[in-house]
Every structure is written in structure tokens, then in C-alpha cells.
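The structure file entry_21.txt is reproduced below (compact mmCIF, C-alpha atoms).
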```txt
# COMPACT_ATOMS: atom_id res chain seq x y z
CA MET A 1487 83.33 116.53 117.30
CA VAL A 1488 84.24 114.94 113.96
CA ALA A 1489 86.24 118.04 113.00
CA ALA A 1490 88.19 117.93 116.29
CA LEU A 1491 88.83 114.20 115.95
CA CYS A 1492 90.16 114.55 112.39
CA ALA A 1493 92.29 117.56 113.34
CA ASP A 1494 93.87 115.87 116.36
CA ARG A 1495 94.62 112.48 114.88
CA ALA A 1496 95.28 113.20 111.22
CA GLY A 1497 95.69 116.98 110.92
CA LEU A 1498 92.70 117.13 108.58
CA ARG A 1499 90.71 120.29 108.15
CA VAL A 1500 86.98 119.51 108.17
CA ASP A 1501 84.72 122.48 107.44
CA PRO A 1502 81.92 122.41 110.07
CA GLY A 1503 79.71 124.29 107.59
CA LYS A 1504 79.63 121.28 105.28
CA ALA A 1505 77.18 119.06 107.12
CA TYR A 1506 76.21 117.27 103.88
CA LEU A 1507 79.80 116.05 103.54
CA LEU A 1508 79.52 114.39 106.94
CA GLU A 1509 76.34 112.59 105.97
CA ASN A 1510 77.83 111.62 102.59
CA ARG A 1511 81.08 110.20 103.89
CA LEU A 1512 79.89 108.77 107.18
CA GLY A 1513 76.56 107.28 106.03
CA PRO A 1514 78.26 104.15 104.60
CA VAL A 1515 80.40 103.79 107.78
CA ALA A 1516 77.30 103.95 109.99
CA ARG A 1517 75.53 101.32 107.87
CA ARG A 1518 78.58 99.07 107.85
CA GLU A 1519 78.92 99.32 111.62
CA GLY A 1520 75.23 98.53 112.15
CA PHE A 1521 73.96 101.95 113.27
CA SER A 1522 70.62 103.27 112.08
CA SER A 1523 72.02 106.77 111.46
CA VAL A 1524 75.20 108.84 111.45
CA GLY A 1525 73.87 110.64 114.54
CA ASP A 1526 73.54 107.37 116.46
CA MET A 1527 77.06 106.35 115.55
CA LEU A 1528 78.55 109.69 116.64
CA GLN A 1529 76.58 109.52 119.91
CA VAL A 1530 78.10 106.12 120.69
CA LEU A 1531 81.54 107.41 119.73
CA ARG A 1532 81.06 110.38 122.06
CA ASP A 1533 79.87 108.19 124.96
CA ARG A 1534 82.33 105.32 124.67
CA GLY A 1535 85.29 106.70 122.75
CA ASP A 1536 85.75 103.47 120.79
CA GLU A 1537 89.21 103.72 119.18
CA ARG A 1538 88.45 101.47 116.21
CA LEU A 1539 85.24 103.38 115.42
CA ALA A 1540 87.09 106.69 115.75
CA TRP A 1541 89.56 105.60 113.07
CA ALA A 1542 86.78 104.37 110.81
CA VAL A 1543 85.33 107.90 110.97
CA ILE A 1544 88.70 109.61 110.36
CA GLU A 1545 89.51 107.33 107.42
CA ALA A 1546 86.17 108.07 105.80
CA MET A 1547 86.74 111.82 106.15
CA ALA A 1548 90.25 111.71 104.64
CA PRO A 1549 90.16 112.62 100.94
CA ALA A 1550 90.96 109.94 98.36
CA GLU A 1551 92.55 110.35 94.96
CA THR A 1552 90.26 109.00 92.25
CA ALA A 1553 91.89 109.43 88.84
CA PHE A 1554 94.73 107.75 86.97
CA PHE A 1555 97.47 110.05 85.63
CA ARG A 1556 95.95 113.10 87.29
CA ASP A 1557 97.62 116.30 86.00
CA PRO A 1558 99.42 114.73 83.01
CA GLN A 1559 102.05 117.50 82.93
CA THR A 1560 103.23 116.34 86.36
CA PHE A 1561 103.87 112.87 84.97
CA ASP A 1562 105.96 114.38 82.15
CA VAL A 1563 108.18 116.06 84.74
CA VAL A 1564 108.28 112.84 86.76
CA ALA A 1565 109.38 110.83 83.72
CA GLN A 1566 112.30 113.24 83.32
CA ALA A 1567 113.08 112.96 87.02
CA PHE A 1568 113.29 109.17 86.63
CA GLU A 1569 115.77 109.49 83.78
CA ASP A 1570 117.84 111.94 85.78
CA LEU A 1571 117.82 109.71 88.87
CA ALA A 1572 118.60 106.54 86.91
CA ARG A 1573 121.62 108.28 85.40
CA ARG A 1574 122.91 109.62 88.71
CA ARG A 1575 122.29 106.51 90.79
CA GLY A 1576 124.03 104.13 88.40
CA GLY A 1577 122.81 100.58 88.92
CA GLN A 1578 121.30 101.30 92.34
CA ALA A 1579 117.56 100.62 92.76
CA LEU A 1580 115.44 103.78 92.89
CA ARG A 1581 113.12 104.07 95.87
CA VAL A 1582 109.71 105.67 95.32
CA TRP A 1583 107.04 106.38 97.93
CA VAL A 1584 103.46 107.38 97.16
CA ALA A 1585 102.08 108.87 100.39
CA ALA A 1586 98.28 108.95 100.82
CA CYS A 1587 97.79 106.61 97.87
CA GLY A 1588 94.02 106.35 98.31
CA ALA A 1589 92.55 103.62 96.15
CA GLY A 1590 95.86 103.15 94.32
CA GLN A 1591 95.34 105.04 91.05
CA GLU A 1592 98.44 107.17 91.49
CA VAL A 1593 100.95 104.49 92.42
CA TYR A 1594 99.61 102.23 89.67
CA SER A 1595 99.92 105.10 87.19
CA LEU A 1596 103.60 105.20 88.11
CA ALA A 1597 103.88 101.41 87.88
CA MET A 1598 102.39 101.48 84.37
CA LEU A 1599 104.65 104.35 83.32
CA LEU A 1600 107.72 102.46 84.56
CA ASP A 1601 106.56 99.30 82.81
CA GLU A 1602 106.20 101.19 79.53
CA HIS A 1603 109.62 102.83 79.83
CA ALA A 1604 111.48 99.96 81.43
CA GLN A 1605 115.21 100.57 81.16
CA PRO A 1606 117.59 97.65 81.33
CA GLY A 1607 119.55 97.67 84.56
CA VAL A 1608 117.29 100.16 86.33
CA SER A 1609 115.13 98.69 89.08
CA VAL A 1610 112.54 100.67 91.00
CA ASP A 1611 111.18 99.92 94.43
CA LEU A 1612 107.57 101.24 94.64
CA CYS A 1613 106.02 101.76 98.07
CA ALA A 1614 102.54 103.13 98.74
CA SER A 1615 100.89 104.14 101.97
CA ASP A 1616 97.56 105.45 103.18
CA ILE A 1617 95.95 106.26 106.51
CA SER A 1618 93.01 104.00 105.66
CA GLU A 1619 93.33 100.20 105.89
CA ARG A 1620 90.16 99.81 103.87
CA ARG A 1621 91.51 101.88 101.01
CA LEU A 1622 94.83 100.02 101.13
CA GLU A 1623 92.90 96.79 100.80
CA LYS A 1624 91.01 98.09 97.78
CA ALA A 1625 94.22 99.46 96.28
CA ARG A 1626 96.06 96.18 96.76
CA SER A 1627 93.28 94.28 94.95
CA GLY A 1628 93.85 96.39 91.83
CA ILE A 1629 90.16 96.06 90.94
CA TYR A 1630 88.42 99.07 89.43
CA SER A 1631 84.95 99.75 88.09
CA GLN A 1632 84.23 100.70 84.50
CA PHE A 1633 83.73 104.27 85.68
CA GLU A 1634 87.05 104.35 87.51
CA VAL A 1635 89.14 103.04 84.60
CA GLN A 1636 87.80 105.80 82.39
CA ARG A 1637 89.18 108.57 84.59
CA GLY A 1638 92.60 109.51 83.31
CA LEU A 1639 93.40 106.15 81.74
CA SER A 1640 93.79 105.92 77.94
CA ALA A 1641 92.21 103.03 76.02
CA GLY A 1642 95.70 101.91 75.01
CA ARG A 1643 96.81 101.64 78.63
CA LEU A 1644 93.57 99.92 79.63
CA VAL A 1645 94.06 97.08 77.13
CA ARG A 1646 97.76 96.84 77.89
CA HIS A 1647 97.69 96.71 81.68
CA PHE A 1648 94.24 95.38 82.65
CA GLU A 1649 92.17 92.21 82.46
CA LYS A 1650 88.41 92.03 82.53
CA GLN A 1651 86.82 90.24 85.49
CA ASP A 1652 83.01 90.16 85.25
CA ASP A 1653 82.02 93.83 85.11
CA ALA A 1654 85.24 95.08 86.66
CA PHE A 1655 88.78 95.66 85.39
CA VAL A 1656 91.80 94.24 87.23
CA LEU A 1657 95.41 95.29 86.84
CA ILE A 1658 97.58 92.46 85.59
CA GLN A 1659 99.58 90.65 88.23
CA ARG A 1660 102.96 92.05 87.18
CA ILE A 1661 101.80 95.61 87.84
CA ARG A 1662 99.99 94.75 91.08
CA GLN A 1663 103.00 92.92 92.46
CA SER A 1664 105.36 95.78 91.72
CA VAL A 1665 103.95 97.77 94.66
CA ARG A 1666 104.47 97.26 98.40
CA TRP A 1667 101.79 98.60 100.76
CA ARG A 1668 101.82 99.94 104.27
CA ARG A 1669 99.57 101.94 106.60
CA VAL A 1670 101.15 105.28 107.52
CA ASN A 1671 99.83 108.33 109.36
CA LEU A 1672 101.75 111.22 107.81
CA LEU A 1673 101.72 113.14 111.09
CA GLU A 1674 103.98 110.53 112.63
CA ASP A 1675 107.73 110.18 112.29
CA GLN A 1676 108.74 108.39 109.10
CA SER A 1677 112.45 107.93 109.60
CA LEU A 1678 111.98 104.15 109.84
CA LEU A 1679 110.85 104.05 106.21
CA GLY A 1680 114.32 105.05 105.08
CA ARG A 1681 115.24 107.50 102.30
CA PHE A 1682 113.44 107.89 98.99
CA ASP A 1683 114.48 109.26 95.61
CA LEU A 1684 110.94 110.28 94.76
CA VAL A 1685 108.10 111.07 97.18
CA PHE A 1686 104.54 111.70 95.97
CA CYS A 1687 102.03 113.49 98.17
CA ARG A 1688 99.48 115.13 95.93
CA SER A 1689 96.01 114.81 97.36
CA VAL A 1690 96.08 115.53 101.08
CA LEU A 1691 98.26 118.58 101.73
CA GLY A 1692 95.56 120.98 100.57
CA THR A 1693 93.03 119.52 103.00
CA MET A 1694 95.26 119.75 106.06
CA LEU A 1695 95.39 122.32 108.82
CA ASP A 1696 98.33 124.71 108.38
CA SER A 1697 100.20 123.34 111.38
CA ALA A 1698 99.75 119.72 110.24
CA ARG A 1699 100.76 120.63 106.70
CA THR A 1700 104.02 122.16 107.87
CA ARG A 1701 104.75 119.12 109.98
CA VAL A 1702 103.94 116.65 107.17
CA LEU A 1703 106.04 118.57 104.66
CA GLY A 1704 108.88 118.60 107.15
CA ASN A 1705 108.57 114.84 107.69
CA LEU A 1706 108.40 114.14 103.96
CA SER A 1707 111.40 116.34 103.14
CA GLN A 1708 113.40 114.44 105.74
CA THR A 1709 112.74 111.18 103.90
CA LEU A 1710 114.14 112.58 100.63
CA ALA A 1711 117.50 111.25 99.54
CA GLU A 1712 120.08 113.73 98.30
CA GLY A 1713 118.94 115.13 94.97
CA GLY A 1714 115.55 113.44 95.38
CA TYR A 1715 112.21 114.84 94.25
CA LEU A 1716 109.03 115.69 96.15
CA VAL A 1717 105.85 115.74 94.04
CA THR A 1718 102.97 117.75 95.49
CA GLY A 1719 99.55 118.82 94.20
CA LEU A 1720 99.57 121.71 91.73
CA GLY A 1721 98.21 124.16 94.31
CA ASP A 1722 100.63 123.27 97.09
CA SER A 1723 103.71 125.35 97.70
CA VAL A 1724 106.77 124.16 99.52
CA THR A 1725 109.50 126.35 100.92
CA GLY A 1726 113.13 125.32 101.13
CA LEU A 1727 113.16 123.10 98.01
CA THR A 1728 113.80 124.04 94.38
CA ALA A 1729 110.49 124.34 92.50
CA LEU A 1730 110.11 122.68 89.08
CA PRO A 1731 106.92 122.75 86.94
CA GLY A 1732 103.93 120.53 87.76
CA GLY A 1733 104.12 120.76 91.55
CA VAL A 1734 107.48 118.97 91.57
CA TYR A 1735 110.26 120.03 93.96
CA ARG A 1736 113.87 119.04 94.03
CA ALA A 1737 115.94 118.57 97.14
CA ASP A 1738 119.41 119.84 96.36
CA ALA A 1739 122.57 118.67 98.00
CA ALA A 1740 123.14 121.92 99.89
CA ARG A 1741 119.81 121.71 101.71
CA GLN A 1742 120.35 118.07 102.56
CA ALA A 1743 123.77 118.90 103.94
CA ALA A 1744 122.34 121.73 106.04
CA ALA A 1745 119.63 119.47 107.44
CA ALA A 1746 122.01 116.65 108.28
CA MET B 1400 85.49 126.69 66.42
CA LYS B 1401 86.17 122.96 66.45
CA THR B 1402 83.48 120.67 65.14
CA CYS B 1403 82.38 117.30 66.52
CA LEU B 1404 80.06 114.86 64.81
CA VAL B 1405 77.98 112.69 67.13
CA VAL B 1406 76.99 109.38 65.53
CA ASP B 1407 74.41 107.42 67.52
CA ASP B 1408 71.02 105.94 66.72
CA SER B 1409 69.67 107.06 70.11
CA ARG B 1410 68.29 110.57 70.09
CA VAL B 1411 68.70 110.76 73.90
CA ILE B 1412 72.40 109.92 73.72
CA ARG B 1413 72.93 112.45 70.93
CA LYS B 1414 71.24 115.12 73.03
CA VAL B 1415 73.29 114.33 76.16
CA ALA B 1416 76.52 114.25 74.15
CA ARG B 1417 75.63 117.50 72.38
CA ARG B 1418 75.21 119.33 75.67
CA ILE B 1419 78.57 118.06 77.00
CA LEU B 1420 80.39 118.86 73.75
CA GLU B 1421 78.91 122.35 73.46
CA ASP B 1422 80.07 123.05 77.02
CA LEU B 1423 83.55 122.00 75.87
CA GLY B 1424 83.37 124.58 73.07
CA PHE B 1425 82.56 122.33 70.10
CA GLU B 1426 80.16 123.07 67.29
CA VAL B 1427 78.10 119.87 67.15
CA ALA B 1428 76.55 117.99 64.22
CA GLU B 1429 74.48 114.81 64.60
CA ALA B 1430 74.07 111.67 62.52
CA ALA B 1431 71.61 108.86 63.34
CA ASP B 1432 73.37 106.16 61.30
CA GLY B 1433 76.60 105.30 59.52
CA ALA B 1434 75.58 106.35 56.02
CA ASP B 1435 74.49 109.73 57.31
CA ALA B 1436 77.77 110.07 59.21
CA LEU B 1437 79.90 109.34 56.14
CA ALA B 1438 77.82 111.79 54.07
CA TRP B 1439 78.61 114.46 56.68
CA CYS B 1440 82.30 113.66 56.58
CA VAL B 1441 82.53 113.84 52.80
CA THR B 1442 80.90 117.28 52.83
CA ALA B 1443 82.84 118.71 55.78
CA MET B 1444 85.41 116.67 57.71
CA PRO B 1445 84.82 117.27 61.45
CA ASP B 1446 87.70 117.69 63.92
CA ALA B 1447 86.33 114.93 66.14
CA ILE B 1448 83.78 112.13 65.93
CA LEU B 1449 81.97 110.45 68.80
CA LEU B 1450 81.00 107.08 67.33
CA ASP B 1451 78.55 104.43 68.51
CA TRP B 1452 79.35 100.79 67.69
CA ASN B 1453 75.99 99.05 67.30
CA MET B 1454 73.67 100.87 64.93
CA PRO B 1455 71.09 99.65 62.43
CA GLY B 1456 72.68 99.28 58.98
CA MET B 1457 76.40 100.05 59.14
CA SER B 1458 78.34 99.35 62.35
CA GLY B 1459 80.58 101.99 63.88
CA LEU B 1460 83.60 99.87 63.01
CA GLU B 1461 82.60 99.88 59.34
CA VAL B 1462 82.05 103.64 59.46
CA LEU B 1463 85.57 104.04 60.85
CA ARG B 1464 87.09 101.74 58.21
CA ARG B 1465 85.44 103.65 55.37
CA LEU B 1466 86.20 107.03 56.90
CA ARG B 1467 89.91 106.28 57.07
CA GLN B 1468 89.88 105.47 53.32
CA GLU B 1469 88.36 108.86 52.39
CA PRO B 1470 90.65 111.69 51.33
CA GLY B 1471 91.41 113.57 54.56
CA GLY B 1472 89.68 110.82 56.50
CA ASP B 1473 92.67 110.20 58.73
CA ALA B 1474 92.37 113.69 60.20
CA PRO B 1475 89.36 113.45 62.54
CA LYS B 1476 89.99 112.18 66.04
CA VAL B 1477 87.59 109.26 66.45
CA VAL B 1478 86.36 108.32 69.91
CA PHE B 1479 84.14 105.27 70.16
CA CYS B 1480 81.24 105.66 72.56
CA THR B 1481 79.49 102.35 73.10
CA VAL B 1482 78.12 99.80 75.56
CA GLU B 1483 80.70 97.29 74.24
CA ASN B 1484 83.12 96.87 77.16
CA GLU B 1485 85.19 93.78 76.37
CA LEU B 1486 88.93 94.45 76.08
CA ASP B 1487 89.09 92.57 72.78
CA ARG B 1488 86.51 94.94 71.36
CA ILE B 1489 88.58 97.92 72.47
CA ARG B 1490 91.71 96.38 70.91
CA GLU B 1491 89.79 95.86 67.68
CA ALA B 1492 88.63 99.50 67.63
CA LEU B 1493 92.18 100.76 68.25
CA ALA B 1494 93.50 98.48 65.51
CA PHE B 1495 90.99 99.99 63.10
CA GLY B 1496 92.37 103.45 63.89
CA ALA B 1497 90.17 104.72 66.73
CA ASP B 1498 91.95 107.34 68.85
CA GLU B 1499 90.08 106.71 72.09
CA TYR B 1500 87.27 104.66 73.53
CA ILE B 1501 84.41 105.46 75.91
CA MET B 1502 82.30 102.74 77.54
CA LYS B 1503 78.72 103.82 78.23
CA PRO B 1504 77.41 105.12 80.54
CA PHE B 1505 79.58 108.23 80.43
CA ASP B 1506 79.60 111.67 82.02
CA GLY B 1507 81.07 115.05 81.12
CA ASP B 1508 84.39 114.35 82.85
CA ILE B 1509 84.92 111.12 80.94
CA VAL B 1510 84.10 112.72 77.57
CA ALA B 1511 86.39 115.70 78.27
CA GLY B 1512 89.19 113.42 79.47
CA LYS B 1513 88.96 111.06 76.50
CA LEU B 1514 88.82 113.91 73.94
CA ALA B 1515 91.89 115.42 75.58
CA MET B 1516 93.72 112.07 75.37
CA ALA B 1517 92.73 111.80 71.72
CA GLY B 1518 94.24 115.26 71.15
CA ALA B 1519 90.90 116.75 70.11
CA LEU B 1520 90.56 119.43 72.80
```
Show me, as C-alpha cells, the structure contained in the file I just sent.
Amino acid sequence: MVAALCADRAGLRVDPGKAYLLENRLGPVARREGFSSVGDMLQVLRDRGDERLAWAVIEAMAPAETAFFRDPQTFDVVAQAFEDLARRRGGQALRVWVAACGAGQEVYSLAMLLDEHAQPGVSVDLCASDISERRLEKARSGIYSQFEVQRGLSAGRLVRHFEKQDDAFVLIQRIRQSVRWRRVNLLEDQSLLGRFDLVFCRSVLGTMLDSARTRVLGNLSQTLAEGGYLVTGLGDSVTGLTALPGGVYRADAARQAAAA
Amino acid sequence: MKTCLVVDDSRVIRKVARRILEDLGFEVAEAADGADALAWCVTAMPDAILLDWNMPGMSGLEVLRRLRQEPGGDAPKVVFCTVENELDRIREALAFGADEYIMKPFDGDIVAGKLAMAGAL
């Protein structure tokens, strides 16, 4: 039932053979919702079809990105892409969207990178989205545990961009406030979000059903501005765009013209 | 093979670190205090050093200061590995020439990631 629910609503592929994953991910949801076990919770969901509970289950099953600056070579390519875009767009603000941002590590990695390489006259509009409200809330807070800040983040960046708050580490206000947040289901139409120069979608494509993946990639490509970049996970492959190293793809003018 | 010196007064920590570092392909040497660590370095400079802060006798910071004054002492990548987790402490370590910083407790992923950031992998 969980597999069907995740497939229908979010296009997620849940392996029915991995029962332990269900217990792992859904145990905390069941406790939070006041059920004595995952089984009890699923029984109630089956009987009553509670929409809010259904989404709590789907959100918990959706994978979350957990490291800062994951795949450093990708960020090198992205830094070049920024330079290229800044040059071509003149003084126009660059629009960046991090889709499926999880707990925020990826979009904040970008925010830190931009802060370190701030160019006069170049402004960047950073948007982040996730399917899970709970994760968006955590991401927006910018609060990370000692364990979390040691995954992918250098000591130099930690002391530059974070403050200590009791046992946790909090991103400084300037970085936190550089990001705008929004709940988005990638299966749905995204034309209202407008066009972006850079779209990140690195953690979820690999966990999606083939049909959902095709649809999401189609939706994401449609949000790319002319000459924009789509950044995927290293294992993902995208057809119809020009492949660069590090899972980065470039939308060229010809394709955009054909699609228009 | 690259060498890594583990400097920690806790035998348990040295053992845990040794296992992680050997899995990463390092040849591992151990020192239980600062004087021992510096003696190791004078004999054979390691490629990397995992360095505790609070030890009986010489502190990790003092070990680092003296190491950097030795001939060839600027070569090893030094990664602090300590329970000290205040940002000012980390700033201090970086100012003394540490390449990276690990806050205990750690796991294999953190050690591998930090050594990579230090350029020691």
C-alpha cells in the first residue's frame, strides 16, 4: 500500500522487499501521530484514507539529501556556469532553483559559494523547494547538528558561515535570508514558477519510477531559461540537453526554440 | 603508501582511528602524547596527522606550533580530532596552521571527508 501511495502521488519507487526501510522511515511518523506501531498507522490510513496522514507517510519515504557540497566536482562546474551566466545576462538577476532541497544542505552550499565569490553587480535569486513541509521547516531554520555540519563542510566554511547555538550550529542570518522556500510536488506543472537559469535536482531522480522521472525531467527542462543549466545527480542521464561533466546539462538555444 | 600519525592519549580512539585510516589505504603510526608525536615527526615526517587537542603534557595546539617550526614540518596535513567544538577554538586551530578539524564523535565518512578536504587522500 505504501509503495502504491508513493508511486501515485509522488512518482517514488519504493522497493517492497525493503520492509526494514518502512519501519525505519515510518516509525517516527507513527510515534509523532500517536500510533503504537507502524502497522496500526497504516491500518487507519487504509480504513479512513486520511489525506494529511497519507502525505506524512509519502514525505517520510521521499529521500533527503544530507551532505553539504556533495560531489565537489559538480560545484566546480556550477561555479563556471555562474560566471558564464553572469557574463551573458549582463546586470540581470540570475534565477536559481534547487528542487527537492531536503533539509537545505544543497541550497545553502550554493548560498555560501555565492557569498564567497560575490561579484559586484551580479545578484542571484535563490529558490528552494521540497515535497515535505517538515523538511522545508527544518531547512528554513538553518540549524544543523554537529554531525551534519561535518558532512561535506570544511572547517573554514563552518567558522565563516555558522554560529554556535547550544550544541547546534546555525547558518548566519545573511545566508539564511538569501533563500526563498516553497512546497512543490515535482510531478505537477511548474510553469507558474517562471524560468530559471540554473535548476538543481540531484537527489530524487534516481529514486523515481521511470514514467515519473521522464515527466519530472520534462517539467524541469521546461523551466530552464535559454542557455540555462540543469544539474542532476552523477548517475542520472538526460536526453535532449548538452551533457557537461559532473551531472550538469546545458539547454542550448536551438532546443529552447524547438520547444517553444 | 601514505602514512598517517594518530596522536591521542586514548587507546580506544587510536584503535578506532587506525581501523578507519587503514581502510582508507594509510599506513598508520600511533603516538600517545605530544612529545612522542614530535619524536615521530623528526624521524619520519608523515603525510597526515590526526591530532587530539587535550592531552596530558603538551596540548595538540603546542604540538602543531612546534611541528610547523621543524624542517619539513609544513608538509604534513594536520587534522585536529577533538571534543572541543566551539567556533573560536576551530578558528584558533586554523590560525595555527591546521588544515582541517574534526569534532568528536566521528565516523569513517567524516574522517574520509575531512582528509579529502585537507588534500591528504
Using all atoms listed in the file, determine which residues lie at most 8 Å from Ala1492 in chain B, disregarding the query and same-chain residues fewer than 4 positions distant; provide the list as a list of chain:residue names.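 Everything that qualifies: B:Leu1460, B:Phe1479, B:Arg1488, B:Gly1496, B:Ala1497, B:Tyr1500.
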Point-to-point distance in Å for CA of Phe1554 in chain A and CA of Ala1625 in chain A: 12.5 Å
Do you know which residues are at most 12 Å from Glu1421 in chain B counting all atoms listed in the file, after dropping those on the same chain fewer than 2 positions away, and could you put them as a ChimeraX atom specification? /B:1400-1405,1413-1419,1423-1428,1507,1510-1511
Interface list for chain A, partner chain B, 9 Å threshold, all atoms listed in the file, as a CSV table (one decimal) with C-alpha atoms, keeping the file's coordinate frame:
```
chain,number,residue,atom,x,y,z
A,1632,GLN,CA,84.2,100.7,84.5
A,1633,PHE,CA,83.7,104.3,85.7
A,1636,GLN,CA,87.8,105.8,82.4
A,1637,ARG,CA,89.2,108.6,84.6
A,1638,GLY,CA,92.6,109.5,83.3
A,1639,LEU,CA,93.4,106.2,81.7
A,1640,SER,CA,93.8,105.9,77.9
A,1641,ALA,CA,92.2,103.0,76.0
A,1642,GLY,CA,95.7,101.9,75.0
A,1644,LEU,CA,93.6,99.9,79.6
A,1645,VAL,CA,94.1,97.1,77.1
A,1648,PHE,CA,94.2,95.4,82.6
A,1649,GLU,CA,92.2,92.2,82.5
A,1650,LYS,CA,88.4,92.0,82.5
A,1653,ASP,CA,82.0,93.8,85.1
```
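Taking CA of Ala1519 in chain B and CA of Ala1604 in chain A as endpoints, the distance between them is 28.9 Å.
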Residues at most 10 Å from Ser1409 in chain B, counting only C-alpha atoms, excluding those fewer than 6 positions away in the same chain, as an MDAnalysis selection string? chainID B and resid 1430:1432 1451 1454
Could you please determine the separation between CA of Cys1440 in chain B and CA of Asp1407 in chain B in Å, to one decimal place?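 If I compute the distance from CA of Cys1440 in chain B to CA of Asp1407 in chain B, I get 14.9 Å.
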If we count only C-alpha atoms, what is near Tyr1630 in chain A at a cut-off of 6 Å, once residues fewer than 2 positions away on the same chain are taken out, given as a PyMOL selection string? chain A and resi 1634+1654-1655
Restricting the output to C-alpha atoms, write the selected residues as an mmCIF file, in the coordinates of the input.
```
data_model
loop_
_atom_site.group_PDB
_atom_site.id
_atom_site.type_symbol
_atom_site.label_atom_id
_atom_site.label_comp_id
_atom_site.auth_asym_id
_atom_site.auth_seq_id
_atom_site.Cartn_x
_atom_site.Cartn_y
_atom_site.Cartn_z
ATOM 1 C CA GLU A 1634 87.050 104.350 87.510
ATOM 2 C CA ALA A 1654 85.240 95.080 86.660
ATOM 3 C CA PHE A 1655 88.780 95.660 85.390
#
```
Do you know which residues are at most 10 Å from Asp1611 in chain A counting all atoms listed in the file, after dropping those on the same chain fewer than 6 positions away, and could you put them as a count of residues only? 11
Determine the nearest neighbour of Val1441 in chain B from the options B:Glu1469, B:Asp1408, B:Glu1491, B:Glu1483, counting only C-alpha atoms.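 Among the listed residues, the smallest separation from Val1441 in chain B belongs to B:Glu1469.
Comparing A:Val1524, A:Val1563, A:Val1685, A:Val1734 by their smallest distance to Leu1710 in chain A, the closest is A:Val1685 (using only C-alpha atoms).
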Residue with smallest distance to Glu1569 in chain A - pool A:Ala1540, A:Val1584, A:Leu1600, A:Asp1722, counting only C-alpha atoms: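 Result for the nearest residue to Glu1569 in chain A: A:Leu1600.
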Place a sphere of radius 7 Å on (91.2, 111.2, 64.7) in the file coordinates and name every protein, DNA or RNA residue with an atom inside or on its surface, counting all atoms listed in the file; give the answer as a CSV table (one decimal) with C-alpha atoms, keeping the file's coordinate frame.
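Ended up saving to out35.csv:
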```
chain,number,residue,atom,x,y,z
B,1447,ALA,CA,86.3,114.9,66.1
B,1473,ASP,CA,92.7,110.2,58.7
B,1474,ALA,CA,92.4,113.7,60.2
B,1475,PRO,CA,89.4,113.4,62.5
B,1476,LYS,CA,90.0,112.2,66.0
B,1477,VAL,CA,87.6,109.3,66.4
B,1497,ALA,CA,90.2,104.7,66.7
B,1498,ASP,CA,92.0,107.3,68.8
```
